[in-house]
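Q: My questions all concern the structure below.
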Amino acid sequence: MKKTYRYIALLLVAVMLTAILVGCKKNEPAEADATTEPTDETSAANEPSGYGNNTVAALSNYTVTSAVPDDAVMSAIVAVDAEDQPLLDNAALQICYWIEFYGFMSSYGSYASYLGLDYTQPLAEQNCSEDRTWEQYFLEAAAQHFSENYALAQAAYANGYTLTEEDKATIDDIAAPDGNFAAEAKEAGYESTEAYIKANFGDGVSVEDYQEYLRLFYAALDQYNQIKEELAEELTDAAVEAYYDENAASYEENRILKQNNVSVRHILIAPEGEKDTTLNDWTEDQWTAAAAKAAEVYALWEEDPTEEHFAALATEYTDDTGSAENGGLYEDFATNKMVEEFSDWCFDPARAAGDTGTVKTPFGYHIIYFIGQTETRAWLDTAKTDMTSARLTEKVEALRETYPVKFDYTLVRVFDMVTKMLQDSTPQG
């Protein structure tokens, strides 16, 4: 499958995702019978109007419950460039907004409730933080990502970018009645691509809006990948190590140490029986018995102090079911991947191949056989990822200053997909 079709599939998980979340059945969205004139649900402005004069807090509620493509509200320009030329209308904003929501739900799913998000209630009616509703949170994220994509796309165009034939064909296919996208819509249960788009992004969004979004996205993605390729050449191991050293305190605080990964075998002897509910731990007698059993198993290994014998004993005696079948083997792990006491023993600078020892952790007693260091430097890989992210952010922010976007949030309206999907899922009686 081409990368562009994979991207379409990624975007259009909205219906399936939300169906799972609310336990609903997909229904063909009904045509709106009202306009998108601001309703009583949309609050008055709290900040002055004008592009660049307000923030996402301009309205406490951006919600509209009906929408029609190309009407006055969906066509309202909500963002302009430095010369006040139109960049983004409300219809296109819906795509950016709901992509943020679906991406969030895809990442957190049912755990979103632990962050205070109730996906069965209107987003404008619940707070994300002291000064933001969830609707404002997703709107702010959508505005930022549009600004980033716009800046990246302009840099791409300045460098002579044009759509590849593959990407152009994909965008054209979205409007083709007999194309792949139409077939995908039909397979998902929709009579048309228009219905499919609306089911994902709202009744005010057209096929043309989605095509235009992808044109910008592909240009931005091309420039982003070009920047990453340039960074890959700049970020030598020496440069990354220097970055690690500059941030060593933070890395060490998170137990990311400048040491190669290691491999070991271990035998876990856990105390027997249930933990004492008062102590939330095993009793002293249980720990003493576990220590005695660990000593017995260690003595058995000393009768034939080889790695092969250790592996056999691990298979027979370990309480770690995850490693029992492979002889207690844990391969190529980094300094922050194991419980601290276990890790401290394994990454002792004096540790040498063939060393053995017993370590107590909250899980029990671990008899450990040290196989040795590997060639993997997870600390370097982590620092390189962090450095790449930091440099990418710097370069994108610089482009945003070169190609600024100014929003007037007082003109923004957000079609309430959450309520609509809940309504569509309610059995009609």
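Labels used: A, B, ... for chains in the order of the structure tokens, numbers from 1 for residues in each chain, and numbers from 1 for ligands as shown.
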Which residues come within 10 Å of A:Ala242, counting only C-alpha atoms, excluding same-chain residues fewer than 6 positions away, as a PyMOL selection string?

A: chain A and resi 236+248+383

Q: Could you write out that same residue set with N, CA and C atoms as a CSV table (one decimal), in the first residue's frame?

A:
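As a result, again_32.csv now contains:
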chain,number,residue,atom,x,y,z
A,236,THR,N,26.5,13.9,14.3
A,236,THR,CA,27.5,12.8,14.4
A,236,THR,C,27.5,12.3,15.8
A,248,ALA,N,23.7,16.0,31.0
A,248,ALA,CA,23.9,14.8,31.8
A,248,ALA,C,23.1,14.7,33.0
A,383,ALA,N,19.8,10.1,23.3
A,383,ALA,CA,20.3,11.5,23.2
A,383,ALA,C,20.1,12.0,21.7

Q: Using atom CA of A:Gly109 and atom CA of A:Val207 as the two end points, give the distance in Å to one decimal.

A: 27.8 Å

Q: Quick one: everything within 7 Å of stretch 331-338 of chain A, counting only C-alpha atoms, minus sequence neighbours fewer than 4 positions away in the same chain. Send it as a PyMOL selection string.

A: chain A and resi 255-257+261-264+342-343+347+374+378

Q: Would you put the residues from that selection into a file with C-alpha atoms, as a compact mmCIF listing (two decimals), in the first residue's frame?

A:
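This is the output file out-v5.txt:
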# COMPACT_ATOMS: atom_id res chain seq x y z
CA ARG A 255 18.84 6.63 34.97
CA ILE A 256 20.03 7.03 31.38
CA LEU A 257 23.74 6.52 31.94
CA ASN A 261 23.72 -2.09 27.16
CA VAL A 262 24.28 -5.44 28.86
CA SER A 263 22.98 -9.01 28.80
CA VAL A 264 22.44 -11.21 31.86
CA PHE A 342 18.94 -4.88 39.70
CA SER A 343 20.24 -2.26 37.28
CA PHE A 347 25.91 -1.60 35.45
CA THR A 374 26.80 -5.43 24.12
CA ALA A 378 20.97 3.15 24.22

Q: Could you pull out the strand (DSSP E or B) residues of stretch 309-363 of chain A from DSSP and send them as a PyMOL selection string?

A: chain A and resi 329-333+356-361

Q: So how far away is atom CA of A:Ala141 from atom CA of A:Val418, in Å?

A: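 Going from atom CA of A:Val418 over to atom CA of A:Ala141, I get 17.6 Å.
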
Q: Can you pull out every residue within 12 Å of A:Asp131, counting only C-alpha atoms, but drop anything in the same chain fewer than 2 positions away, and send it as a list in words?

A: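 The contact residues come out as Thr55, Val56, Ala57, Ala58, Leu59, Ser60, Gln126, Asn127, Cys128, Ser129, Thr133, Trp134, Glu135, Gln136 and Tyr137 of chain A.
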
Q: Select from stretch 169-280 of chain A every residue with an atom at most 8 Å from any atom of stretch 406-416 of chain A, then for each give the shortest pair of atoms and their distance in Å to one decimal, using only C-alpha atoms, rows by chain and rising number, as a tab-separated table.

A:
residue	atom	partner	partner_atom	distance
A:Gly202	CA	A:Phe415	CA	6.1
A:Asp203	CA	A:Phe415	CA	7.6
A:Gly204	CA	A:Phe415	CA	7.6

Q: Out of A:Tyr218, A:Tyr210, A:Tyr150, A:Phe201, which residue has the shortest atom-to-atom distance to A:Glu166 when counting only C-alpha atoms?

A: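 Nearest to A:Glu166: A:Tyr218.
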
Q: Report, in Å to a single decimal, how far apart atom CA of A:Ala291 and atom CA of A:Tyr365 are.

A: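 It comes out at 6.7 Å.
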
Q: A:Ala299: which residues within 12 Å, counting only C-alpha atoms, same-chain residues fewer than 4 positions away excluded, as a list in words?

A: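 Final neighbour list, sorted by chain and number: Ala292, Lys293, Ala294, Ala295, Glu303, Asp304, Pro305, His309, Phe310, Leu313, Thr356, Gly357, Thr358 and Ile367 of chain A.
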
Q: What does the file look like for those residues with all heavy atoms, as an mmCIF file, in the first residue's frame?

A:
data_model
loop_
_atom_site.group_PDB
_atom_site.id
_atom_site.type_symbol
_atom_site.label_atom_id
_atom_site.label_comp_id
_atom_site.auth_asym_id
_atom_site.auth_seq_id
_atom_site.Cartn_x
_atom_site.Cartn_y
_atom_site.Cartn_z
ATOM 1 N N ALA A 292 16.853 -17.760 52.096
ATOM 2 C CA ALA A 292 17.431 -19.087 52.300
ATOM 3 C C ALA A 292 17.321 -19.933 51.031
ATOM 4 O O ALA A 292 18.268 -20.636 50.650
ATOM 5 C CB ALA A 292 16.723 -19.782 53.465
ATOM 6 N N LYS A 293 16.190 -19.853 50.361
ATOM 7 C CA LYS A 293 16.014 -20.619 49.119
ATOM 8 C C LYS A 293 16.962 -20.115 48.034
ATOM 9 O O LYS A 293 17.548 -20.910 47.280
ATOM 10 C CB LYS A 293 14.568 -20.526 48.639
ATOM 11 C CG LYS A 293 14.303 -21.357 47.393
ATOM 12 C CD LYS A 293 12.839 -21.311 46.972
ATOM 13 C CE LYS A 293 12.621 -22.128 45.706
ATOM 14 N NZ LYS A 293 11.196 -22.072 45.256
ATOM 15 N N ALA A 294 17.143 -18.776 47.969
ATOM 16 C CA ALA A 294 18.071 -18.209 46.988
ATOM 17 C C ALA A 294 19.484 -18.711 47.233
ATOM 18 O O ALA A 294 20.230 -19.028 46.291
ATOM 19 C CB ALA A 294 18.021 -16.681 47.038
ATOM 20 N N ALA A 295 19.858 -18.811 48.508
ATOM 21 C CA ALA A 295 21.195 -19.314 48.854
ATOM 22 C C ALA A 295 21.353 -20.774 48.426
ATOM 23 O O ALA A 295 22.426 -21.183 47.956
ATOM 24 C CB ALA A 295 21.429 -19.163 50.359
ATOM 25 N N GLU A 303 28.117 -25.756 42.174
ATOM 26 C CA GLU A 303 28.584 -27.118 41.918
ATOM 27 C C GLU A 303 29.062 -27.267 40.475
ATOM 28 O O GLU A 303 29.888 -28.133 40.174
ATOM 29 C CB GLU A 303 27.461 -28.120 42.200
ATOM 30 C CG GLU A 303 27.063 -28.177 43.668
ATOM 31 C CD GLU A 303 25.869 -29.094 43.900
ATOM 32 O OE1 GLU A 303 25.424 -29.730 42.891
ATOM 33 O OE2 GLU A 303 25.380 -29.166 45.035
ATOM 34 N N ASP A 304 28.535 -26.434 39.580
ATOM 35 C CA ASP A 304 28.949 -26.437 38.166
ATOM 36 C C ASP A 304 28.823 -24.993 37.668
ATOM 37 O O ASP A 304 27.856 -24.644 37.008
ATOM 38 C CB ASP A 304 28.058 -27.371 37.350
ATOM 39 C CG ASP A 304 28.412 -27.371 35.862
ATOM 40 O OD1 ASP A 304 29.516 -26.893 35.508
ATOM 41 O OD2 ASP A 304 27.569 -27.823 35.056
ATOM 42 N N PRO A 305 29.797 -24.151 37.995
ATOM 43 C CA PRO A 305 29.662 -22.702 37.761
ATOM 44 C C PRO A 305 29.841 -22.288 36.303
ATOM 45 O O PRO A 305 30.801 -21.606 35.934
ATOM 46 C CB PRO A 305 30.755 -22.112 38.648
ATOM 47 C CG PRO A 305 31.797 -23.170 38.716
ATOM 48 C CD PRO A 305 31.062 -24.479 38.673
ATOM 49 N N HIS A 309 24.774 -24.236 33.050
ATOM 50 C CA HIS A 309 24.146 -24.760 34.262
ATOM 51 C C HIS A 309 23.232 -23.705 34.885
ATOM 52 O O HIS A 309 22.142 -24.030 35.364
ATOM 53 C CB HIS A 309 25.222 -25.193 35.266
ATOM 54 C CG HIS A 309 24.667 -25.896 36.462
ATOM 55 N ND1 HIS A 309 25.227 -25.787 37.726
ATOM 56 C CD2 HIS A 309 23.582 -26.695 36.610
ATOM 57 C CE1 HIS A 309 24.522 -26.499 38.580
ATOM 58 N NE2 HIS A 309 23.521 -27.069 37.927
ATOM 59 N N PHE A 310 23.680 -22.443 34.850
ATOM 60 C CA PHE A 310 22.860 -21.360 35.387
ATOM 61 C C PHE A 310 21.534 -21.293 34.628
ATOM 62 O O PHE A 310 20.458 -21.149 35.221
ATOM 63 C CB PHE A 310 23.601 -20.023 35.280
ATOM 64 C CG PHE A 310 22.958 -18.906 36.049
ATOM 65 C CD1 PHE A 310 23.439 -18.536 37.292
ATOM 66 C CD2 PHE A 310 21.863 -18.214 35.538
ATOM 67 C CE1 PHE A 310 22.848 -17.513 38.016
ATOM 68 C CE2 PHE A 310 21.263 -17.193 36.241
ATOM 69 C CZ PHE A 310 21.761 -16.839 37.485
ATOM 70 N N LEU A 313 19.217 -24.059 35.738
ATOM 71 C CA LEU A 313 18.638 -23.780 37.052
ATOM 72 C C LEU A 313 17.563 -22.701 36.968
ATOM 73 O O LEU A 313 16.547 -22.766 37.659
ATOM 74 C CB LEU A 313 19.744 -23.350 38.024
ATOM 75 C CG LEU A 313 20.752 -24.435 38.427
ATOM 76 C CD1 LEU A 313 21.889 -23.818 39.245
ATOM 77 C CD2 LEU A 313 20.055 -25.533 39.220
ATOM 78 N N THR A 356 28.826 -13.173 39.202
ATOM 79 C CA THR A 356 27.523 -13.568 39.733
ATOM 80 C C THR A 356 27.293 -12.857 41.054
ATOM 81 O O THR A 356 28.230 -12.413 41.725
ATOM 82 C CB THR A 356 27.423 -15.084 39.952
ATOM 83 O OG1 THR A 356 28.500 -15.485 40.818
ATOM 84 C CG2 THR A 356 27.500 -15.845 38.649
ATOM 85 N N GLY A 357 26.019 -12.746 41.414
ATOM 86 C CA GLY A 357 25.687 -12.119 42.679
ATOM 87 C C GLY A 357 24.203 -12.235 42.950
ATOM 88 O O GLY A 357 23.425 -12.626 42.067
ATOM 89 N N THR A 358 23.820 -11.907 44.157
ATOM 90 C CA THR A 358 22.408 -11.940 44.552
ATOM 91 C C THR A 358 21.983 -10.548 44.985
ATOM 92 O O THR A 358 22.669 -9.898 45.788
ATOM 93 C CB THR A 358 22.180 -12.940 45.696
ATOM 94 O OG1 THR A 358 22.599 -14.246 45.276
ATOM 95 C CG2 THR A 358 20.710 -12.989 46.086
ATOM 96 N N ILE A 367 19.212 -13.901 41.633
ATOM 97 C CA ILE A 367 20.562 -14.426 41.424
ATOM 98 C C ILE A 367 20.911 -14.077 39.980
ATOM 99 O O ILE A 367 20.184 -14.440 39.052
ATOM 100 C CB ILE A 367 20.614 -15.939 41.638
ATOM 101 C CG1 ILE A 367 19.987 -16.311 42.990
ATOM 102 C CG2 ILE A 367 22.058 -16.452 41.558
ATOM 103 C CD1 ILE A 367 19.760 -17.808 43.156
#

Q: Give me the residues near A:Ala153 as a PDB file with N, CA, C and O atoms, in the first residue's frame, where near means some atom within 12 Å (using only C-alpha atoms) and where sequence neighbours in that chain fewer than 2 positions away do not count.

A:
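Output (selection_8.pdb):
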ATOM      1  N   HIS A 145      -0.443  23.261  14.835  1.00  0.00           N
ATOM      2  CA  HIS A 145       0.002  22.326  13.807  1.00  0.00           C
ATOM      3  C   HIS A 145      -0.287  22.852  12.407  1.00  0.00           C
ATOM      4  O   HIS A 145       0.491  22.606  11.478  1.00  0.00           O
ATOM      5  N   PHE A 146      -1.390  23.587  12.245  1.00  0.00           N
ATOM      6  CA  PHE A 146      -1.609  24.212  10.940  1.00  0.00           C
ATOM      7  C   PHE A 146      -0.501  25.229  10.661  1.00  0.00           C
ATOM      8  O   PHE A 146       0.029  25.292   9.546  1.00  0.00           O
ATOM      9  N   SER A 147      -0.159  26.027  11.660  1.00  0.00           N
ATOM     10  CA  SER A 147       0.891  27.030  11.476  1.00  0.00           C
ATOM     11  C   SER A 147       2.213  26.381  11.114  1.00  0.00           C
ATOM     12  O   SER A 147       2.958  26.878  10.256  1.00  0.00           O
ATOM     13  N   GLU A 148       2.516  25.250  11.747  1.00  0.00           N
ATOM     14  CA  GLU A 148       3.750  24.529  11.435  1.00  0.00           C
ATOM     15  C   GLU A 148       3.707  23.979  10.013  1.00  0.00           C
ATOM     16  O   GLU A 148       4.684  24.117   9.256  1.00  0.00           O
ATOM     17  N   ASN A 149       2.586  23.345   9.654  1.00  0.00           N
ATOM     18  CA  ASN A 149       2.468  22.788   8.311  1.00  0.00           C
ATOM     19  C   ASN A 149       2.525  23.872   7.242  1.00  0.00           C
ATOM     20  O   ASN A 149       3.144  23.689   6.183  1.00  0.00           O
ATOM     21  N   TYR A 150       1.881  25.004   7.517  1.00  0.00           N
ATOM     22  CA  TYR A 150       1.909  26.101   6.558  1.00  0.00           C
ATOM     23  C   TYR A 150       3.340  26.601   6.353  1.00  0.00           C
ATOM     24  O   TYR A 150       3.791  26.788   5.216  1.00  0.00           O
ATOM     25  N   ALA A 151       4.067  26.813   7.457  1.00  0.00           N
ATOM     26  CA  ALA A 151       5.441  27.308   7.350  1.00  0.00           C
ATOM     27  C   ALA A 151       6.332  26.315   6.616  1.00  0.00           C
ATOM     28  O   ALA A 151       7.144  26.695   5.756  1.00  0.00           O
ATOM     29  N   ALA A 155       8.214  26.845   2.887  1.00  0.00           N
ATOM     30  CA  ALA A 155       9.646  26.594   2.683  1.00  0.00           C
ATOM     31  C   ALA A 155       9.853  25.586   1.558  1.00  0.00           C
ATOM     32  O   ALA A 155      10.775  25.724   0.742  1.00  0.00           O
ATOM     33  N   ALA A 156       8.980  24.569   1.507  1.00  0.00           N
ATOM     34  CA  ALA A 156       9.076  23.576   0.432  1.00  0.00           C
ATOM     35  C   ALA A 156       8.845  24.229  -0.924  1.00  0.00           C
ATOM     36  O   ALA A 156       9.603  23.994  -1.876  1.00  0.00           O
ATOM     37  N   TYR A 157       7.801  25.067  -1.021  1.00  0.00           N
ATOM     38  CA  TYR A 157       7.516  25.743  -2.288  1.00  0.00           C
ATOM     39  C   TYR A 157       8.680  26.657  -2.683  1.00  0.00           C
ATOM     40  O   TYR A 157       9.049  26.747  -3.864  1.00  0.00           O
ATOM     41  N   ALA A 158       9.277  27.327  -1.700  1.00  0.00           N
ATOM     42  CA  ALA A 158      10.413  28.207  -1.982  1.00  0.00           C
ATOM     43  C   ALA A 158      11.604  27.421  -2.515  1.00  0.00           C
ATOM     44  O   ALA A 158      12.427  27.960  -3.268  1.00  0.00           O
ATOM     45  N   ASN A 159      11.673  26.144  -2.134  1.00  0.00           N
ATOM     46  CA  ASN A 159      12.765  25.280  -2.593  1.00  0.00           C
ATOM     47  C   ASN A 159      12.413  24.533  -3.883  1.00  0.00           C
ATOM     48  O   ASN A 159      13.142  23.639  -4.297  1.00  0.00           O
ATOM     49  N   GLY A 160      11.280  24.901  -4.481  1.00  0.00           N
ATOM     50  CA  GLY A 160      10.912  24.301  -5.753  1.00  0.00           C
ATOM     51  C   GLY A 160      10.074  23.047  -5.669  1.00  0.00           C
ATOM     52  O   GLY A 160       9.947  22.303  -6.656  1.00  0.00           O
ATOM     53  N   TYR A 161       9.465  22.797  -4.517  1.00  0.00           N
ATOM     54  CA  TYR A 161       8.670  21.580  -4.343  1.00  0.00           C
ATOM     55  C   TYR A 161       7.448  21.564  -5.262  1.00  0.00           C
ATOM     56  O   TYR A 161       6.779  22.581  -5.454  1.00  0.00           O
ATOM     57  N   THR A 162       7.155  20.413  -5.805  1.00  0.00           N
ATOM     58  CA  THR A 162       5.889  20.155  -6.497  1.00  0.00           C
ATOM     59  C   THR A 162       5.392  18.778  -6.058  1.00  0.00           C
ATOM     60  O   THR A 162       6.188  17.917  -5.650  1.00  0.00           O
ATOM     61  N   LEU A 163       4.094  18.578  -6.115  1.00  0.00           N
ATOM     62  CA  LEU A 163       3.514  17.291  -5.753  1.00  0.00           C
ATOM     63  C   LEU A 163       4.110  16.174  -6.602  1.00  0.00           C
ATOM     64  O   LEU A 163       4.287  16.334  -7.808  1.00  0.00           O
ATOM     65  N   TYR A 213      -6.384  20.152   2.165  1.00  0.00           N
ATOM     66  CA  TYR A 213      -5.616  19.839   3.368  1.00  0.00           C
ATOM     67  C   TYR A 213      -4.431  18.931   3.021  1.00  0.00           C
ATOM     68  O   TYR A 213      -3.310  19.155   3.490  1.00  0.00           O
ATOM     69  N   LEU A 214      -4.677  17.898   2.219  1.00  0.00           N
ATOM     70  CA  LEU A 214      -3.611  16.961   1.875  1.00  0.00           C
ATOM     71  C   LEU A 214      -2.524  17.616   1.033  1.00  0.00           C
ATOM     72  O   LEU A 214      -1.346  17.277   1.165  1.00  0.00           O
ATOM     73  N   ARG A 215      -2.899  18.553   0.164  1.00  0.00           N
ATOM     74  CA  ARG A 215      -1.872  19.252  -0.633  1.00  0.00           C
ATOM     75  C   ARG A 215      -0.884  19.962   0.292  1.00  0.00           C
ATOM     76  O   ARG A 215       0.334  19.899   0.084  1.00  0.00           O
ATOM     77  N   LEU A 216      -1.431  20.649   1.272  1.00  0.00           N
ATOM     78  CA  LEU A 216      -0.566  21.351   2.222  1.00  0.00           C
ATOM     79  C   LEU A 216       0.239  20.356   3.036  1.00  0.00           C
ATOM     80  O   LEU A 216       1.448  20.543   3.255  1.00  0.00           O
ATOM     81  N   PHE A 217      -0.410  19.295   3.470  1.00  0.00           N
ATOM     82  CA  PHE A 217       0.267  18.305   4.306  1.00  0.00           C
ATOM     83  C   PHE A 217       1.441  17.669   3.573  1.00  0.00           C
ATOM     84  O   PHE A 217       2.528  17.516   4.132  1.00  0.00           O
ATOM     85  N   TYR A 218       1.245  17.269   2.319  1.00  0.00           N
ATOM     86  CA  TYR A 218       2.313  16.612   1.579  1.00  0.00           C
ATOM     87  C   TYR A 218       3.503  17.543   1.368  1.00  0.00           C
ATOM     88  O   TYR A 218       4.662  17.116   1.441  1.00  0.00           O
ATOM     89  N   ALA A 219       3.229  18.806   1.103  1.00  0.00           N
ATOM     90  CA  ALA A 219       4.324  19.764   0.950  1.00  0.00           C
ATOM     91  C   ALA A 219       5.084  19.917   2.264  1.00  0.00           C
ATOM     92  O   ALA A 219       6.325  19.936   2.289  1.00  0.00           O
ATOM     93  N   ALA A 220       4.326  20.024   3.367  1.00  0.00           N
ATOM     94  CA  ALA A 220       4.961  20.161   4.679  1.00  0.00           C
ATOM     95  C   ALA A 220       5.764  18.919   5.026  1.00  0.00           C
ATOM     96  O   ALA A 220       6.887  19.009   5.545  1.00  0.00           O
ATOM     97  N   LEU A 221       5.208  17.750   4.741  1.00  0.00           N
ATOM     98  CA  LEU A 221       5.898  16.497   5.050  1.00  0.00           C
ATOM     99  C   LEU A 221       7.196  16.375   4.266  1.00  0.00           C
ATOM    100  O   LEU A 221       8.214  15.929   4.800  1.00  0.00           O
ATOM    101  N   ASP A 222       7.170  16.791   3.010  1.00  0.00           N
ATOM    102  CA  ASP A 222       8.383  16.735   2.194  1.00  0.00           C
ATOM    103  C   ASP A 222       9.477  17.607   2.795  1.00  0.00           C
ATOM    104  O   ASP A 222      10.629  17.175   2.914  1.00  0.00           O
ATOM    105  N   GLN A 223       9.130  18.816   3.213  1.00  0.00           N
ATOM    106  CA  GLN A 223      10.115  19.718   3.798  1.00  0.00           C
ATOM    107  C   GLN A 223      10.608  19.192   5.145  1.00  0.00           C
ATOM    108  O   GLN A 223      11.802  19.267   5.457  1.00  0.00           O
ATOM    109  N   TYR A 224       9.691  18.652   5.929  1.00  0.00           N
ATOM    110  CA  TYR A 224      10.048  18.097   7.240  1.00  0.00           C
ATOM    111  C   TYR A 224      11.051  16.954   7.071  1.00  0.00           C
ATOM    112  O   TYR A 224      12.055  16.886   7.792  1.00  0.00           O
ATOM    113  N   ASN A 225      10.786  16.073   6.133  1.00  0.00           N
ATOM    114  CA  ASN A 225      11.707  14.949   5.900  1.00  0.00           C
ATOM    115  C   ASN A 225      13.061  15.439   5.386  1.00  0.00           C
ATOM    116  O   ASN A 225      14.102  14.871   5.715  1.00  0.00           O
ATOM    117  N   GLN A 226      13.040  16.494   4.593  1.00  0.00           N
ATOM    118  CA  GLN A 226      14.304  17.046   4.098  1.00  0.00           C
ATOM    119  C   GLN A 226      15.125  17.599   5.260  1.00  0.00           C
ATOM    120  O   GLN A 226      16.346  17.394   5.322  1.00  0.00           O
ATOM    121  N   VAL A 396      11.671  24.404  12.828  1.00  0.00           N
ATOM    122  CA  VAL A 396      10.265  24.674  12.501  1.00  0.00           C
ATOM    123  C   VAL A 396       9.835  26.013  13.078  1.00  0.00           C
ATOM    124  O   VAL A 396       9.131  26.792  12.425  1.00  0.00           O
ATOM    125  N   LEU A 399      11.025  28.729  10.901  1.00  0.00           N
ATOM    126  CA  LEU A 399      10.190  28.857   9.709  1.00  0.00           C
ATOM    127  C   LEU A 399       8.862  29.537  10.034  1.00  0.00           C
ATOM    128  O   LEU A 399       8.331  30.311   9.233  1.00  0.00           O
ATOM    129  N   ARG A 400       8.335  29.271  11.210  1.00  0.00           N
ATOM    130  CA  ARG A 400       7.078  29.932  11.611  1.00  0.00           C
ATOM    131  C   ARG A 400       7.270  31.442  11.752  1.00  0.00           C
ATOM    132  O   ARG A 400       6.344  32.215  11.507  1.00  0.00           O
ATOM    133  N   THR A 402       9.401  33.090   9.903  1.00  0.00           N
ATOM    134  CA  THR A 402       9.536  33.556   8.519  1.00  0.00           C
ATOM    135  C   THR A 402       8.192  33.606   7.815  1.00  0.00           C
ATOM    136  O   THR A 402       7.928  34.512   7.009  1.00  0.00           O
ATOM    137  N   TYR A 403       7.336  32.617   8.110  1.00  0.00           N
ATOM    138  CA  TYR A 403       6.012  32.524   7.475  1.00  0.00           C
ATOM    139  C   TYR A 403       4.940  32.500   8.566  1.00  0.00           C
ATOM    140  O   TYR A 403       4.339  31.461   8.846  1.00  0.00           O
TER     141      TYR A 403
END

Q: If you run DSSP on the backbone, which residues of stretch 229-427 of chain A are alpha helix (DSSP H), as a ChimeraX atom specification?

A: /A:229-234,237-246,248-253,284-302,307-317,340-346,378-402,417-425

Q: For the selection just defined, write its residues with C-alpha atoms to a file, as a CSV table (one decimal), in the first residue's frame.

A:
chain,number,residue,atom,x,y,z
A,229,GLU,CA,17.8,14.1,6.4
A,230,GLU,CA,20.0,17.2,6.8
A,231,LEU,CA,20.0,16.8,10.5
A,232,ALA,CA,21.0,13.2,10.2
A,233,GLU,CA,24.2,14.2,8.5
A,234,GLU,CA,24.9,16.9,11.1
A,237,ASP,CA,28.2,10.6,17.4
A,238,ALA,CA,30.6,13.2,18.7
A,239,ALA,CA,27.9,16.0,18.5
A,240,VAL,CA,25.3,13.7,20.2
A,241,GLU,CA,27.7,12.8,22.9
A,242,ALA,CA,28.4,16.5,23.5
A,243,TYR,CA,24.6,17.1,23.7
A,244,TYR,CA,24.4,14.2,26.3
A,245,ASP,CA,27.2,15.8,28.3
A,246,GLU,CA,25.4,19.1,28.3
A,248,ALA,CA,23.9,14.8,31.8
A,249,ALA,CA,22.2,15.8,35.0
A,250,SER,CA,18.8,15.3,33.5
A,251,TYR,CA,19.7,12.0,31.8
A,252,GLU,CA,21.3,10.7,35.0
A,253,GLU,CA,18.2,11.7,37.0
A,284,GLU,CA,10.2,-10.6,57.6
A,285,ASP,CA,9.7,-14.4,57.9
A,286,GLN,CA,8.7,-14.7,54.2
A,287,TRP,CA,11.7,-12.6,53.1
A,288,THR,CA,14.0,-14.8,55.3
A,289,ALA,CA,12.7,-18.0,53.7
A,290,ALA,CA,13.2,-16.5,50.3
A,291,ALA,CA,16.7,-15.6,51.1
A,292,ALA,CA,17.4,-19.1,52.3
A,293,LYS,CA,16.0,-20.6,49.1
A,294,ALA,CA,18.1,-18.2,47.0
A,295,ALA,CA,21.2,-19.3,48.9
A,296,GLU,CA,20.3,-23.0,48.2
A,297,VAL,CA,19.9,-22.4,44.5
A,298,TYR,CA,23.1,-20.4,44.3
A,299,ALA,CA,24.9,-23.3,46.0
A,300,LEU,CA,23.6,-25.6,43.4
A,301,TRP,CA,25.0,-23.4,40.7
A,302,GLU,CA,28.4,-23.4,42.4
A,307,GLU,CA,26.4,-20.3,32.1
A,308,GLU,CA,24.8,-23.4,30.8
A,309,HIS,CA,24.1,-24.8,34.3
A,310,PHE,CA,22.9,-21.4,35.4
A,311,ALA,CA,20.4,-21.3,32.5
A,312,ALA,CA,19.1,-24.8,33.4
A,313,LEU,CA,18.6,-23.8,37.1
A,314,ALA,CA,16.8,-20.7,35.9
A,315,THR,CA,14.4,-22.8,33.9
A,316,GLU,CA,13.7,-25.0,36.9
A,317,TYR,CA,13.6,-22.5,39.8
A,340,GLU,CA,16.9,0.2,40.2
A,341,GLU,CA,18.7,-2.3,42.5
A,342,PHE,CA,18.9,-4.9,39.7
A,343,SER,CA,20.2,-2.3,37.3
A,344,ASP,CA,22.8,-0.9,39.8
A,345,TRP,CA,24.4,-4.3,40.1
A,346,CYS,CA,24.4,-5.0,36.3
A,378,ALA,CA,21.0,3.2,24.2
A,379,TRP,CA,22.1,6.3,25.9
A,380,LEU,CA,23.5,7.6,22.6
A,381,ASP,CA,20.3,6.6,20.7
A,382,THR,CA,18.2,8.4,23.3
A,383,ALA,CA,20.3,11.5,23.2
A,384,LYS,CA,20.2,11.5,19.4
A,385,THR,CA,16.4,11.2,19.4
A,386,ASP,CA,16.2,14.1,21.9
A,387,MET,CA,18.7,16.2,20.0
A,388,THR,CA,17.0,15.6,16.7
A,389,SER,CA,13.6,16.6,18.2
A,390,ALA,CA,15.1,19.7,19.7
A,391,ARG,CA,16.8,20.8,16.5
A,392,LEU,CA,13.6,20.0,14.5
A,393,THR,CA,11.6,22.2,16.9
A,394,GLU,CA,14.1,25.0,16.5
A,395,LYS,CA,14.1,24.8,12.7
A,396,VAL,CA,10.3,24.7,12.5
A,397,GLU,CA,9.9,27.6,14.9
A,398,ALA,CA,12.3,29.6,12.8
A,399,LEU,CA,10.2,28.9,9.7
A,400,ARG,CA,7.1,29.9,11.6
A,401,GLU,CA,8.7,33.3,12.2
A,402,THR,CA,9.5,33.6,8.5
A,417,MET,CA,-18.8,15.9,16.2
A,418,VAL,CA,-18.9,14.3,19.7
A,419,THR,CA,-22.6,15.2,20.3
A,420,LYS,CA,-23.5,14.2,16.7
A,421,MET,CA,-21.9,10.8,16.9
A,422,LEU,CA,-23.6,10.2,20.2
A,423,GLN,CA,-26.9,11.2,18.7
A,424,ASP,CA,-26.4,9.0,15.7
A,425,SER,CA,-25.6,6.1,17.9
